[in-house]
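Structure file entry.pdb with PDB, C-alpha atoms, pLDDT in the B column:
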```
ATOM      1  CA  MET A  12       0.000   0.000   0.000  1.00 34.00           C
ATOM      2  CA  PHE A  13       1.210   3.475  -0.769  1.00 41.00           C
ATOM      3  CA  ALA A  14      -1.069   5.606   1.423  1.00 41.00           C
ATOM      4  CA  LYS A  15       0.397   5.645   4.941  1.00 45.00           C
ATOM      5  CA  SER A  16      -0.331   7.610   8.076  1.00 46.00           C
ATOM      6  CA  GLY A  17       1.351  10.969   8.045  1.00 57.00           C
ATOM      7  CA  PRO A  18       0.669  14.685   8.384  1.00 70.00           C
ATOM      8  CA  ALA A  19      -2.955  15.819   8.484  1.00 81.00           C
ATOM      9  CA  GLU A  20      -4.474  17.650   5.562  1.00 92.00           C
ATOM     10  CA  THR A  21      -5.470  21.306   5.859  1.00 95.00           C
ATOM     11  CA  LEU A  22      -8.663  22.652   4.312  1.00 97.00           C
ATOM     12  CA  VAL A  23      -8.013  25.786   2.253  1.00 98.00           C
ATOM     13  CA  THR A  24      -9.964  28.284   0.184  1.00 97.00           C
ATOM     14  CA  ILE A  25      -8.641  29.600  -3.110  1.00 98.00           C
ATOM     15  CA  LYS A  26      -9.761  32.756  -4.863  1.00 96.00           C
ATOM     16  CA  GLY A  27     -11.009  31.488  -8.202  1.00 95.00           C
ATOM     17  CA  PRO A  28     -11.826  33.474 -11.328  1.00 93.00           C
ATOM     18  CA  ALA A  29     -15.601  33.241 -10.746  1.00 89.00           C
ATOM     19  CA  ARG A  30     -16.116  31.863  -7.229  1.00 93.00           C
ATOM     20  CA  THR A  31     -14.171  30.554  -4.269  1.00 97.00           C
ATOM     21  CA  LEU A  32     -12.566  27.144  -4.723  1.00 98.00           C
ATOM     22  CA  HIS A  33     -12.017  24.649  -1.931  1.00 98.00           C
ATOM     23  CA  GLY A  34      -9.040  22.386  -1.562  1.00 98.00           C
ATOM     24  CA  LYS A  35      -6.914  20.298   0.748  1.00 98.00           C
ATOM     25  CA  VAL A  36      -3.198  20.799   1.360  1.00 98.00           C
ATOM     26  CA  LEU A  37      -0.947  17.963   2.476  1.00 97.00           C
ATOM     27  CA  ALA A  38       2.611  18.941   3.302  1.00 92.00           C
ATOM     28  CA  PRO A  39       5.304  16.799   4.917  1.00 90.00           C
ATOM     29  CA  ALA A  40       7.188  18.116   7.922  1.00 88.00           C
ATOM     30  CA  GLY A  41      10.389  19.960   7.118  1.00 89.00           C
ATOM     31  CA  PRO A  42      11.636  21.336   3.805  1.00 93.00           C
ATOM     32  CA  THR A  43       9.776  20.336   0.654  1.00 96.00           C
ATOM     33  CA  LYS A  44      11.182  19.866  -2.839  1.00 96.00           C
ATOM     34  CA  ALA A  45       8.407  21.242  -5.074  1.00 97.00           C
ATOM     35  CA  ALA A  46       4.629  21.578  -5.217  1.00 97.00           C
ATOM     36  CA  LEU A  47       2.062  19.281  -6.806  1.00 98.00           C
ATOM     37  CA  VAL A  48      -1.481  20.337  -7.755  1.00 98.00           C
ATOM     38  CA  ALA A  49      -4.136  17.712  -8.551  1.00 98.00           C
ATOM     39  CA  ALA A  50      -7.367  18.219 -10.531  1.00 98.00           C
ATOM     40  CA  HIS A  51     -10.252  15.729 -10.669  1.00 97.00           C
ATOM     41  CA  GLY A  52     -12.298  14.194 -13.468  1.00 95.00           C
ATOM     42  CA  ARG A  53     -15.663  15.353 -14.821  1.00 95.00           C
ATOM     43  CA  ASN A  54     -17.856  13.521 -12.318  1.00 93.00           C
ATOM     44  CA  GLY A  55     -15.411  13.496  -9.435  1.00 95.00           C
ATOM     45  CA  ASP A  56     -14.101  15.894  -6.837  1.00 97.00           C
ATOM     46  CA  MET A  57     -10.915  16.414  -4.860  1.00 97.00           C
ATOM     47  CA  ASP A  58     -11.620  13.348  -2.707  1.00 97.00           C
ATOM     48  CA  GLU A  59     -11.672  10.794  -5.516  1.00 95.00           C
ATOM     49  CA  PRO A  60      -9.328   7.897  -4.628  1.00 94.00           C
ATOM     50  CA  LEU A  61      -6.707   8.503  -7.308  1.00 95.00           C
ATOM     51  CA  LEU A  62      -6.209  12.140  -6.315  1.00 95.00           C
ATOM     52  CA  ALA A  63      -6.266  11.579  -2.566  1.00 95.00           C
ATOM     53  CA  GLY A  64      -3.871   8.658  -2.818  1.00 96.00           C
ATOM     54  CA  LEU A  65      -1.534  10.381  -5.240  1.00 97.00           C
ATOM     55  CA  ALA A  66      -1.340  13.399  -2.919  1.00 96.00           C
ATOM     56  CA  ALA A  67      -0.256  11.056  -0.121  1.00 95.00           C
ATOM     57  CA  VAL A  68       2.360   9.415  -2.344  1.00 96.00           C
ATOM     58  CA  ALA A  69       3.714  12.811  -3.395  1.00 97.00           C
ATOM     59  CA  ALA A  70       3.861  14.063   0.187  1.00 96.00           C
ATOM     60  CA  GLU A  71       5.867  10.985   1.185  1.00 95.00           C
ATOM     61  CA  LEU A  72       8.356  11.963  -1.531  1.00 96.00           C
ATOM     62  CA  GLY A  73       8.725  15.457  -0.067  1.00 96.00           C
ATOM     63  CA  LEU A  74       6.227  17.389  -2.178  1.00 97.00           C
ATOM     64  CA  TRP A  75       3.834  20.051  -0.908  1.00 97.00           C
ATOM     65  CA  THR A  76       0.492  18.979  -2.378  1.00 98.00           C
ATOM     66  CA  LEU A  77      -2.845  20.597  -3.158  1.00 98.00           C
ATOM     67  CA  ARG A  78      -5.967  18.946  -4.505  1.00 98.00           C
ATOM     68  CA  PHE A  79      -9.091  20.974  -5.167  1.00 98.00           C
ATOM     69  CA  THR A  80     -12.635  20.791  -6.511  1.00 98.00           C
ATOM     70  CA  PHE A  81     -13.619  22.663  -9.676  1.00 98.00           C
ATOM     71  CA  ALA A  82     -16.206  25.419  -9.215  1.00 97.00           C
ATOM     72  CA  TYR A  83     -18.815  23.787 -11.485  1.00 97.00           C
ATOM     73  CA  GLN A  84     -18.895  20.673  -9.298  1.00 96.00           C
ATOM     74  CA  GLU A  85     -19.507  22.587  -6.094  1.00 94.00           C
ATOM     75  CA  ALA A  86     -22.247  24.587  -7.855  1.00 94.00           C
ATOM     76  CA  GLY A  87     -23.956  21.427  -9.105  1.00 95.00           C
ATOM     77  CA  ALA A  88     -23.482  22.572 -12.696  1.00 96.00           C
ATOM     78  CA  GLU A  89     -21.851  21.201 -15.853  1.00 96.00           C
ATOM     79  CA  PRO A  90     -18.287  21.945 -17.009  1.00 96.00           C
ATOM     80  CA  SER A  91     -17.867  24.964 -19.249  1.00 95.00           C
ATOM     81  CA  ALA A  92     -17.648  24.780 -23.034  1.00 90.00           C
ATOM     82  CA  GLY A  93     -14.111  23.854 -23.996  1.00 87.00           C
ATOM     83  CA  HIS A  94     -13.302  23.569 -20.264  1.00 93.00           C
ATOM     84  CA  GLU A  95     -12.194  27.209 -20.305  1.00 94.00           C
ATOM     85  CA  GLU A  96     -13.478  27.935 -16.796  1.00 96.00           C
ATOM     86  CA  GLU A  97     -11.897  24.781 -15.428  1.00 97.00           C
ATOM     87  CA  ILE A  98      -8.555  25.726 -16.962  1.00 96.00           C
ATOM     88  CA  GLU A  99      -8.834  29.090 -15.209  1.00 96.00           C
ATOM     89  CA  ASP A 100      -9.694  27.342 -11.930  1.00 97.00           C
ATOM     90  CA  LEU A 101      -6.578  25.209 -12.296  1.00 97.00           C
ATOM     91  CA  ARG A 102      -4.420  28.251 -13.011  1.00 96.00           C
ATOM     92  CA  ALA A 103      -5.760  29.854  -9.819  1.00 97.00           C
ATOM     93  CA  ALA A 104      -4.883  26.693  -7.880  1.00 98.00           C
ATOM     94  CA  ILE A 105      -1.363  26.692  -9.356  1.00 97.00           C
ATOM     95  CA  ASP A 106      -0.897  30.340  -8.376  1.00 96.00           C
ATOM     96  CA  PHE A 107      -2.118  29.517  -4.857  1.00 97.00           C
ATOM     97  CA  ALA A 108       0.320  26.609  -4.651  1.00 97.00           C
ATOM     98  CA  ARG A 109       3.254  28.779  -5.693  1.00 97.00           C
ATOM     99  CA  SER A 110       2.454  31.599  -3.292  1.00 97.00           C
ATOM    100  CA  THR A 111       1.624  29.333  -0.349  1.00 97.00           C
ATOM    101  CA  SER A 112       4.319  26.661  -0.720  1.00 97.00           C
ATOM    102  CA  GLY A 113       7.055  29.048  -1.786  1.00 96.00           C
ATOM    103  CA  HIS A 114       7.962  26.803  -4.728  1.00 96.00           C
ATOM    104  CA  ALA A 115       8.219  28.095  -8.281  1.00 95.00           C
ATOM    105  CA  ARG A 116       8.245  24.504  -9.522  1.00 96.00           C
ATOM    106  CA  VAL A 117       4.723  23.041  -9.692  1.00 96.00           C
ATOM    107  CA  ILE A 118       3.939  19.582 -11.033  1.00 97.00           C
ATOM    108  CA  VAL A 119       0.334  19.350 -12.228  1.00 97.00           C
ATOM    109  CA  THR A 120      -1.676  16.159 -12.297  1.00 97.00           C
ATOM    110  CA  GLY A 121      -5.201  15.599 -13.511  1.00 97.00           C
ATOM    111  CA  ARG A 122      -7.642  12.833 -14.310  1.00 97.00           C
ATOM    112  CA  GLY A 123     -10.026  12.990 -17.270  1.00 96.00           C
ATOM    113  CA  LEU A 124     -11.233  16.577 -17.559  1.00 96.00           C
ATOM    114  CA  GLY A 125      -8.569  17.584 -15.052  1.00 97.00           C
ATOM    115  CA  ALA A 126      -5.911  16.024 -17.274  1.00 97.00           C
ATOM    116  CA  TRP A 127      -6.948  18.158 -20.255  1.00 96.00           C
ATOM    117  CA  ALA A 128      -6.949  21.237 -18.024  1.00 96.00           C
ATOM    118  CA  ALA A 129      -3.423  20.225 -16.948  1.00 96.00           C
ATOM    119  CA  VAL A 130      -2.302  20.038 -20.592  1.00 96.00           C
ATOM    120  CA  ALA A 131      -3.609  23.557 -21.177  1.00 94.00           C
ATOM    121  CA  ALA A 132      -1.983  24.919 -18.015  1.00 92.00           C
ATOM    122  CA  ALA A 133       1.360  23.330 -18.850  1.00 92.00           C
ATOM    123  CA  THR A 134       1.446  24.541 -22.431  1.00 90.00           C
ATOM    124  CA  ASP A 135       0.681  28.112 -21.410  1.00 86.00           C
ATOM    125  CA  GLU A 136       3.782  27.865 -19.203  1.00 84.00           C
ATOM    126  CA  SER A 137       1.958  27.570 -15.865  1.00 84.00           C
ATOM    127  CA  ALA A 138       3.824  24.292 -15.221  1.00 88.00           C
ATOM    128  CA  GLU A 139       6.689  22.297 -16.712  1.00 83.00           C
ATOM    129  CA  GLU A 140       5.720  18.746 -15.694  1.00 96.00           C
ATOM    130  CA  VAL A 141       2.382  16.937 -15.800  1.00 98.00           C
ATOM    131  CA  ILE A 142       0.851  13.597 -14.840  1.00 98.00           C
ATOM    132  CA  LEU A 143      -2.123  12.851 -17.088  1.00 98.00           C
ATOM    133  CA  LEU A 144      -4.474  10.112 -15.885  1.00 98.00           C
ATOM    134  CA  GLY A 145      -7.273   8.601 -17.940  1.00 97.00           C
ATOM    135  CA  LEU A 146      -7.295  10.946 -20.918  1.00 94.00           C
ATOM    136  CA  SER A 147     -10.287  10.702 -23.239  1.00 95.00           C
ATOM    137  CA  PHE A 148      -9.086  10.857 -26.843  1.00 97.00           C
ATOM    138  CA  THR A 149     -10.692   9.549 -30.014  1.00 96.00           C
ATOM    139  CA  GLY A 150      -8.664  11.542 -32.517  1.00 96.00           C
ATOM    140  CA  GLN A 151     -10.243  14.966 -32.013  1.00 96.00           C
ATOM    141  CA  PRO A 152      -8.089  17.469 -33.964  1.00 96.00           C
ATOM    142  CA  GLU A 153      -8.063  20.093 -31.198  1.00 95.00           C
ATOM    143  CA  ARG A 154      -6.947  17.535 -28.613  1.00 95.00           C
ATOM    144  CA  LYS A 155      -4.292  16.192 -30.958  1.00 96.00           C
ATOM    145  CA  VAL A 156      -2.887  19.712 -31.289  1.00 96.00           C
ATOM    146  CA  ALA A 157      -2.976  20.147 -27.500  1.00 95.00           C
ATOM    147  CA  LEU A 158      -0.961  16.960 -26.990  1.00 96.00           C
ATOM    148  CA  GLU A 159       1.533  17.903 -29.693  1.00 96.00           C
ATOM    149  CA  ARG A 160       2.220  21.103 -27.795  1.00 94.00           C
ATOM    150  CA  LEU A 161       3.657  19.033 -24.945  1.00 95.00           C
ATOM    151  CA  ALA A 162       6.586  18.244 -27.231  1.00 94.00           C
ATOM    152  CA  GLU A 163       6.731  21.767 -28.633  1.00 94.00           C
ATOM    153  CA  PHE A 164       7.053  23.237 -25.123  1.00 93.00           C
ATOM    154  CA  GLU A 165       9.241  20.348 -23.883  1.00 93.00           C
ATOM    155  CA  ILE A 166       6.825  19.456 -21.090  1.00 95.00           C
ATOM    156  CA  ASP A 167       7.810  16.275 -19.252  1.00 96.00           C
ATOM    157  CA  ALA A 168       4.689  14.137 -18.982  1.00 97.00           C
ATOM    158  CA  LEU A 169       3.544  10.827 -17.566  1.00 98.00           C
ATOM    159  CA  LEU A 170       0.488   9.634 -19.494  1.00 98.00           C
ATOM    160  CA  VAL A 171      -1.463   6.770 -17.883  1.00 98.00           C
ATOM    161  CA  VAL A 172      -4.520   5.263 -19.605  1.00 98.00           C
ATOM    162  CA  GLY A 173      -6.605   2.110 -19.328  1.00 97.00           C
ATOM    163  CA  SER A 174      -6.486  -0.646 -21.934  1.00 97.00           C
ATOM    164  CA  LYS A 175     -10.273  -1.004 -21.772  1.00 97.00           C
ATOM    165  CA  SER A 176     -11.163   2.680 -21.826  1.00 96.00           C
ATOM    166  CA  GLU A 177     -14.346   3.211 -23.803  1.00 94.00           C
ATOM    167  CA  ARG A 178     -13.412   6.852 -24.356  1.00 95.00           C
ATOM    168  CA  LEU A 179     -10.034   6.247 -25.916  1.00 97.00           C
ATOM    169  CA  ASP A 180      -8.704   5.291 -29.338  1.00 97.00           C
ATOM    170  CA  LEU A 181      -5.444   3.726 -28.160  1.00 96.00           C
ATOM    171  CA  PRO A 182      -3.787   3.436 -31.593  1.00 96.00           C
ATOM    172  CA  ALA A 183      -4.624   7.082 -32.349  1.00 97.00           C
ATOM    173  CA  LEU A 184      -3.182   8.252 -29.028  1.00 97.00           C
ATOM    174  CA  HIS A 185      -0.079   6.124 -29.520  1.00 96.00           C
ATOM    175  CA  ASP A 186       0.441   7.656 -32.958  1.00 96.00           C
ATOM    176  CA  VAL A 187       0.409  11.137 -31.409  1.00 97.00           C
ATOM    177  CA  VAL A 188       2.833  10.503 -28.548  1.00 96.00           C
ATOM    178  CA  ARG A 189       5.142   7.705 -29.735  1.00 93.00           C
ATOM    179  CA  GLU A 190       7.834  10.112 -31.021  1.00 93.00           C
ATOM    180  CA  MET A 191       7.658  12.373 -27.964  1.00 96.00           C
ATOM    181  CA  ARG A 192      10.772  11.679 -25.890  1.00 94.00           C
ATOM    182  CA  ASN A 193       9.413  13.843 -23.090  1.00 95.00           C
ATOM    183  CA  VAL A 194       6.254  11.708 -22.682  1.00 97.00           C
ATOM    184  CA  GLN A 195       6.230   8.400 -20.814  1.00 97.00           C
ATOM    185  CA  PHE A 196       3.208   6.397 -21.993  1.00 97.00           C
ATOM    186  CA  VAL A 197       1.745   3.758 -19.663  1.00 97.00           C
ATOM    187  CA  ILE A 198      -1.199   1.474 -20.440  1.00 97.00           C
ATOM    188  CA  VAL A 199      -2.851  -0.141 -17.414  1.00 97.00           C
ATOM    189  CA  ASP A 200      -4.157  -3.552 -18.397  1.00 97.00           C
ATOM    190  CA  ALA A 201      -7.911  -4.119 -17.918  1.00 97.00           C
ATOM    191  CA  ALA A 202      -8.535  -0.568 -16.630  1.00 97.00           C
ATOM    192  CA  ASN A 203     -11.385   1.622 -17.894  1.00 96.00           C
ATOM    193  CA  HIS A 204     -11.269   5.351 -18.632  1.00 95.00           C
ATOM    194  CA  ARG A 205     -11.375   6.117 -14.908  1.00 95.00           C
ATOM    195  CA  LEU A 206      -8.510   3.683 -14.311  1.00 97.00           C
ATOM    196  CA  GLN A 207     -10.885   1.335 -12.519  1.00 96.00           C
ATOM    197  CA  ASP A 208     -11.041  -2.452 -12.699  1.00 96.00           C
ATOM    198  CA  ALA A 209     -14.064  -4.595 -13.610  1.00 95.00           C
ATOM    199  CA  ARG A 210     -15.482  -4.019 -10.104  1.00 95.00           C
ATOM    200  CA  HIS A 211     -15.266  -0.253 -10.654  1.00 94.00           C
ATOM    201  CA  GLU A 212     -12.557   0.105  -8.037  1.00 95.00           C
ATOM    202  CA  ALA A 213      -9.640   2.440  -8.734  1.00 94.00           C
ATOM    203  CA  MET A 214      -6.476   0.512  -9.649  1.00 96.00           C
ATOM    204  CA  THR A 215      -4.495   2.558  -7.183  1.00 95.00           C
ATOM    205  CA  ASP A 216      -1.541   0.245  -6.554  1.00 94.00           C
ATOM    206  CA  VAL A 217      -0.622   0.013 -10.242  1.00 95.00           C
ATOM    207  CA  VAL A 218      -1.155   3.719 -10.939  1.00 97.00           C
ATOM    208  CA  PHE A 219       0.631   4.911  -7.800  1.00 97.00           C
ATOM    209  CA  ALA A 220       3.645   2.690  -8.471  1.00 97.00           C
ATOM    210  CA  ARG A 221       4.151   4.246 -11.906  1.00 97.00           C
ATOM    211  CA  CYS A 222       3.557   7.767 -10.602  1.00 98.00           C
ATOM    212  CA  GLU A 223       5.958   7.272  -7.692  1.00 97.00           C
ATOM    213  CA  ARG A 224       8.693   6.009 -10.014  1.00 97.00           C
ATOM    214  CA  TRP A 225       8.216   8.930 -12.417  1.00 98.00           C
ATOM    215  CA  LEU A 226       8.227  11.477  -9.584  1.00 97.00           C
ATOM    216  CA  ARG A 227      11.351   9.967  -7.987  1.00 97.00           C
ATOM    217  CA  ASP A 228      13.176  10.261 -11.300  1.00 96.00           C
ATOM    218  CA  ARG A 229      12.455  13.989 -11.328  1.00 93.00           C
ATOM    219  CA  ILE A 230      12.746  15.105  -7.761  1.00 91.00           C
ATOM    220  CA  GLY A 231      15.258  12.618  -6.368  1.00 77.00           C
TER     221      GLY A 231
END
```
Represent the structure contained in this file as structure tokens.
Amino acid sequence: MFAKSGPAETLVTIKGPARTLHGKVLAPAGPTKAALVAAHGRNGDMDEPLLAGLAAVAAELGLWTLRFTFAYQEAGAEPSAGHEEEIEDLRAAIDFARSTSGHARVIVTGRGLGAWAAVAAATDESAEEVILLGLSFTGQPERKVALERLAEFEIDALLVVGSKSERLDLPALHDVVREMRNVQFVIVDAANHRLQDARHEAMTDVVFARCERWLRDRIG
């Protein structure tokens, strides 16, 4: 198991572009190495198992971590067209992480919708490293361009998807990223688009192991 007992999380409020955002900060005792900000999927929130567990893994590695809930979810609404408002929410969370943690270096992770918001934030130079979990991609031209910008901006990325995702064209995604030396592409066998198994339980051990390895390679 990767989630162990450790420091307690702190509830925080973040000034968002439209309304106040709520999040949880987990920071290990002593000096930290960088910050990590985590964004949830379309139907999730900051407490979904992959985000909560990944925050714990990152904190054990010496990262100051923040996970938060998008404004639309707290309002009981739908995501914005093109996810523009969610991208702005994520930028606000990244700014909060920098100012609160004292770290200029912010690693951004997201699942599903949060992953696409992370791509946008990274390629507008809000972050230099991203962990992308459960991307939905069926060859959409605008999403292809967004992924290609990871290479253009030399963004280091860990891309983790499920082999049984019903929202993913695996060959099409592989064609986009296979020449990108900055992207590590991981396929989790038998996982769906939410990186869950056949019982609809998050495949945390497999996902966390790959994320921990990738993070260790970058932060020591």
Discussion item. I'd like the neighbourhood of Val218 of chain A as a PyMOL selection string, where a residue qualifies if any of its atoms comes within 12 Å (using only C-alpha atoms), though same-chain residues fewer than 4 positions away should be ignored.
Written reply: chain A and resi 12-13+60-62+64-65+68+122+142-145+169-173+197-200+202+205-208+213-214+222-225
Fill in: Resolved residues for the PyMOL selection byres ((chain A and resi 43) around 12) as a ChimeraX atom specification
/A:37-42,44-47,69-76,112-117,230-231
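The residues returned by the PyMOL selection byres ((chain A and resi 155-168) around 7) on the shown structure are Val130, Thr134, Glu139, Glu140, Val141, Ile142, Gly150, Gln151, Pro152, Glu153, Arg154, Leu169, Leu170, Val187, Met191, Asn193, Val194 and Gln195 of chain A.
Here atom CA of His204 of chain A is placed at a distance of 16.9 Å from atom CA of Ala129 of chain A.
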Discussion item. To one decimal place in Å, what is the distance between atom CA of Glu95 of chain A and atom CA of Ala183 of chain A?
Written reply: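 Atom CA of Ala183 of chain A lies at a distance of 24.6 Å from atom CA of Glu95 of chain A.
Among A:Ala67, A:Val48, A:Leu22, A:Ala209, the residue with the shortest atom-to-atom distance to Ala133 of chain A, counting only C-alpha atoms, is A:Val48.
With distances taken over all atoms listed in the file, A:Ala50 is the one residue among A:Ala108, A:Ala29, A:Ala50, A:Ala66 lying closest to Trp127 of chain A.
Rounded to one decimal, atom CA of Ser147 of chain A and atom CA of Pro182 of chain A lie 12.8 Å from each other.
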Worksheet item: From the list A:Pro90, A:Ala201, A:Ser137, A:Ser110, which residue is nearest Val217 of chain A when using all atoms listed in the file?
Response: A:Ala201
Fill in: Nearest-residue call for Asp135 of chain A, choices A:Ile98, A:Leu32, A:Ala82, A:Ala104, using all atoms listed in the file
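Checking each of A:Ile98, A:Leu32, A:Ala82, A:Ala104 against Asp135 of chain A, counting all atoms listed in the file, the winner is A:Ile98.
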Discussion item. Just want the 12 Å neighbourhood of Ile25 of chain A, counted on all atoms listed in the file, with same-chain residues fewer than 5 positions away dropped. Output as a list in words.
Written reply: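 Final neighbour list, sorted by chain and number: Arg30, Thr31, Leu32, His33, Gly34, Lys35, Val36, Leu77, Arg78, Phe79, Thr80, Phe81, Ala82, Asp100, Leu101, Arg102, Ala103, Ala104, Ile105, Asp106, Phe107, Ala108, Ser110 and Thr111 of chain A.
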Would you put the residues from that selection into a file with C-alpha atoms, as a PDB file, in the frame of the given file?
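Ended up saving to selection-v7.pdb:
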```pdb
ATOM      1  CA  ARG A  30     -16.116  31.863  -7.229  1.00 93.00           C
ATOM      2  CA  THR A  31     -14.171  30.554  -4.269  1.00 97.00           C
ATOM      3  CA  LEU A  32     -12.566  27.144  -4.723  1.00 98.00           C
ATOM      4  CA  HIS A  33     -12.017  24.649  -1.931  1.00 98.00           C
ATOM      5  CA  GLY A  34      -9.040  22.386  -1.562  1.00 98.00           C
ATOM      6  CA  LYS A  35      -6.914  20.298   0.748  1.00 98.00           C
ATOM      7  CA  VAL A  36      -3.198  20.799   1.360  1.00 98.00           C
ATOM      8  CA  LEU A  77      -2.845  20.597  -3.158  1.00 98.00           C
ATOM      9  CA  ARG A  78      -5.967  18.946  -4.505  1.00 98.00           C
ATOM     10  CA  PHE A  79      -9.091  20.974  -5.167  1.00 98.00           C
ATOM     11  CA  THR A  80     -12.635  20.791  -6.511  1.00 98.00           C
ATOM     12  CA  PHE A  81     -13.619  22.663  -9.676  1.00 98.00           C
ATOM     13  CA  ALA A  82     -16.206  25.419  -9.215  1.00 97.00           C
ATOM     14  CA  ASP A 100      -9.694  27.342 -11.930  1.00 97.00           C
ATOM     15  CA  LEU A 101      -6.578  25.209 -12.296  1.00 97.00           C
ATOM     16  CA  ARG A 102      -4.420  28.251 -13.011  1.00 96.00           C
ATOM     17  CA  ALA A 103      -5.760  29.854  -9.819  1.00 97.00           C
ATOM     18  CA  ALA A 104      -4.883  26.693  -7.880  1.00 98.00           C
ATOM     19  CA  ILE A 105      -1.363  26.692  -9.356  1.00 97.00           C
ATOM     20  CA  ASP A 106      -0.897  30.340  -8.376  1.00 96.00           C
ATOM     21  CA  PHE A 107      -2.118  29.517  -4.857  1.00 97.00           C
ATOM     22  CA  ALA A 108       0.320  26.609  -4.651  1.00 97.00           C
ATOM     23  CA  SER A 110       2.454  31.599  -3.292  1.00 97.00           C
ATOM     24  CA  THR A 111       1.624  29.333  -0.349  1.00 97.00           C
TER      25      THR A 111
END
```
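Nearest residue to Ala49 of chain A, choosing from A:Ala126, A:Leu181, A:Val188, A:Ala131 and counting all atoms listed in the file: A:Ala126.
Comparing the minimum interatomic distances between Asp180 of chain A and each of A:Leu146, A:Ile118, A:Ala19, A:Ala92, counting all atoms listed in the file, we find that A:Leu146 sits nearest.
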Starting from the incomplete input, reconstruct N, CA and C atoms of segment 140-155 of chain A and write that as an mmCIF file, in the coordinates of the input.
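See selection_17.cif below for the written result:
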```
data_model
loop_
_atom_site.group_PDB
_atom_site.id
_atom_site.type_symbol
_atom_site.label_atom_id
_atom_site.label_comp_id
_atom_site.auth_asym_id
_atom_site.auth_seq_id
_atom_site.Cartn_x
_atom_site.Cartn_y
_atom_site.Cartn_z
ATOM 1 N N GLU A 140 5.831 20.204 -15.797
ATOM 2 C CA GLU A 140 5.720 18.746 -15.694
ATOM 3 C C GLU A 140 4.276 18.394 -15.378
ATOM 4 N N VAL A 141 3.773 17.326 -16.013
ATOM 5 C CA VAL A 141 2.382 16.937 -15.800
ATOM 6 C C VAL A 141 2.245 15.422 -15.696
ATOM 7 N N ILE A 142 1.278 14.993 -14.894
ATOM 8 C CA ILE A 142 0.851 13.597 -14.840
ATOM 9 C C ILE A 142 -0.583 13.576 -15.344
ATOM 10 N N LEU A 143 -0.818 12.859 -16.428
ATOM 11 C CA LEU A 143 -2.123 12.851 -17.088
ATOM 12 C C LEU A 143 -2.736 11.466 -16.930
ATOM 13 N N LEU A 144 -3.835 11.381 -16.202
ATOM 14 C CA LEU A 144 -4.474 10.112 -15.885
ATOM 15 C C LEU A 144 -5.803 9.984 -16.619
ATOM 16 N N GLY A 145 -5.977 8.893 -17.338
ATOM 17 C CA GLY A 145 -7.273 8.601 -17.940
ATOM 18 C C GLY A 145 -7.754 9.605 -18.964
ATOM 19 N N LEU A 146 -6.878 10.034 -19.852
ATOM 20 C CA LEU A 146 -7.295 10.946 -20.918
ATOM 21 C C LEU A 146 -8.360 10.307 -21.802
ATOM 22 N N SER A 147 -9.337 11.119 -22.212
ATOM 23 C CA SER A 147 -10.287 10.702 -23.239
ATOM 24 C C SER A 147 -9.807 11.279 -24.567
ATOM 25 N N PHE A 148 -9.590 10.400 -25.544
ATOM 26 C CA PHE A 148 -9.086 10.857 -26.843
ATOM 27 C C PHE A 148 -9.511 9.876 -27.926
ATOM 28 N N THR A 149 -10.254 10.391 -28.891
ATOM 29 C CA THR A 149 -10.692 9.549 -30.014
ATOM 30 C C THR A 149 -10.268 10.156 -31.347
ATOM 31 N N GLY A 150 -9.189 10.949 -31.296
ATOM 32 C CA GLY A 150 -8.664 11.542 -32.517
ATOM 33 C C GLY A 150 -9.115 12.961 -32.782
ATOM 34 N N GLN A 151 -9.779 13.597 -31.809
ATOM 35 C CA GLN A 151 -10.243 14.966 -32.013
ATOM 36 C C GLN A 151 -9.066 15.879 -32.403
ATOM 37 N N PRO A 152 -9.203 16.632 -33.498
ATOM 38 C CA PRO A 152 -8.089 17.469 -33.964
ATOM 39 C C PRO A 152 -7.576 18.456 -32.918
ATOM 40 N N GLU A 153 -8.501 19.094 -32.169
ATOM 41 C CA GLU A 153 -8.063 20.093 -31.198
ATOM 42 C C GLU A 153 -7.299 19.438 -30.047
ATOM 43 N N ARG A 154 -7.665 18.224 -29.683
ATOM 44 C CA ARG A 154 -6.947 17.535 -28.613
ATOM 45 C C ARG A 154 -5.605 17.005 -29.108
ATOM 46 N N LYS A 155 -5.556 16.617 -30.361
ATOM 47 C CA LYS A 155 -4.292 16.192 -30.958
ATOM 48 C C LYS A 155 -3.291 17.343 -30.924
#
```
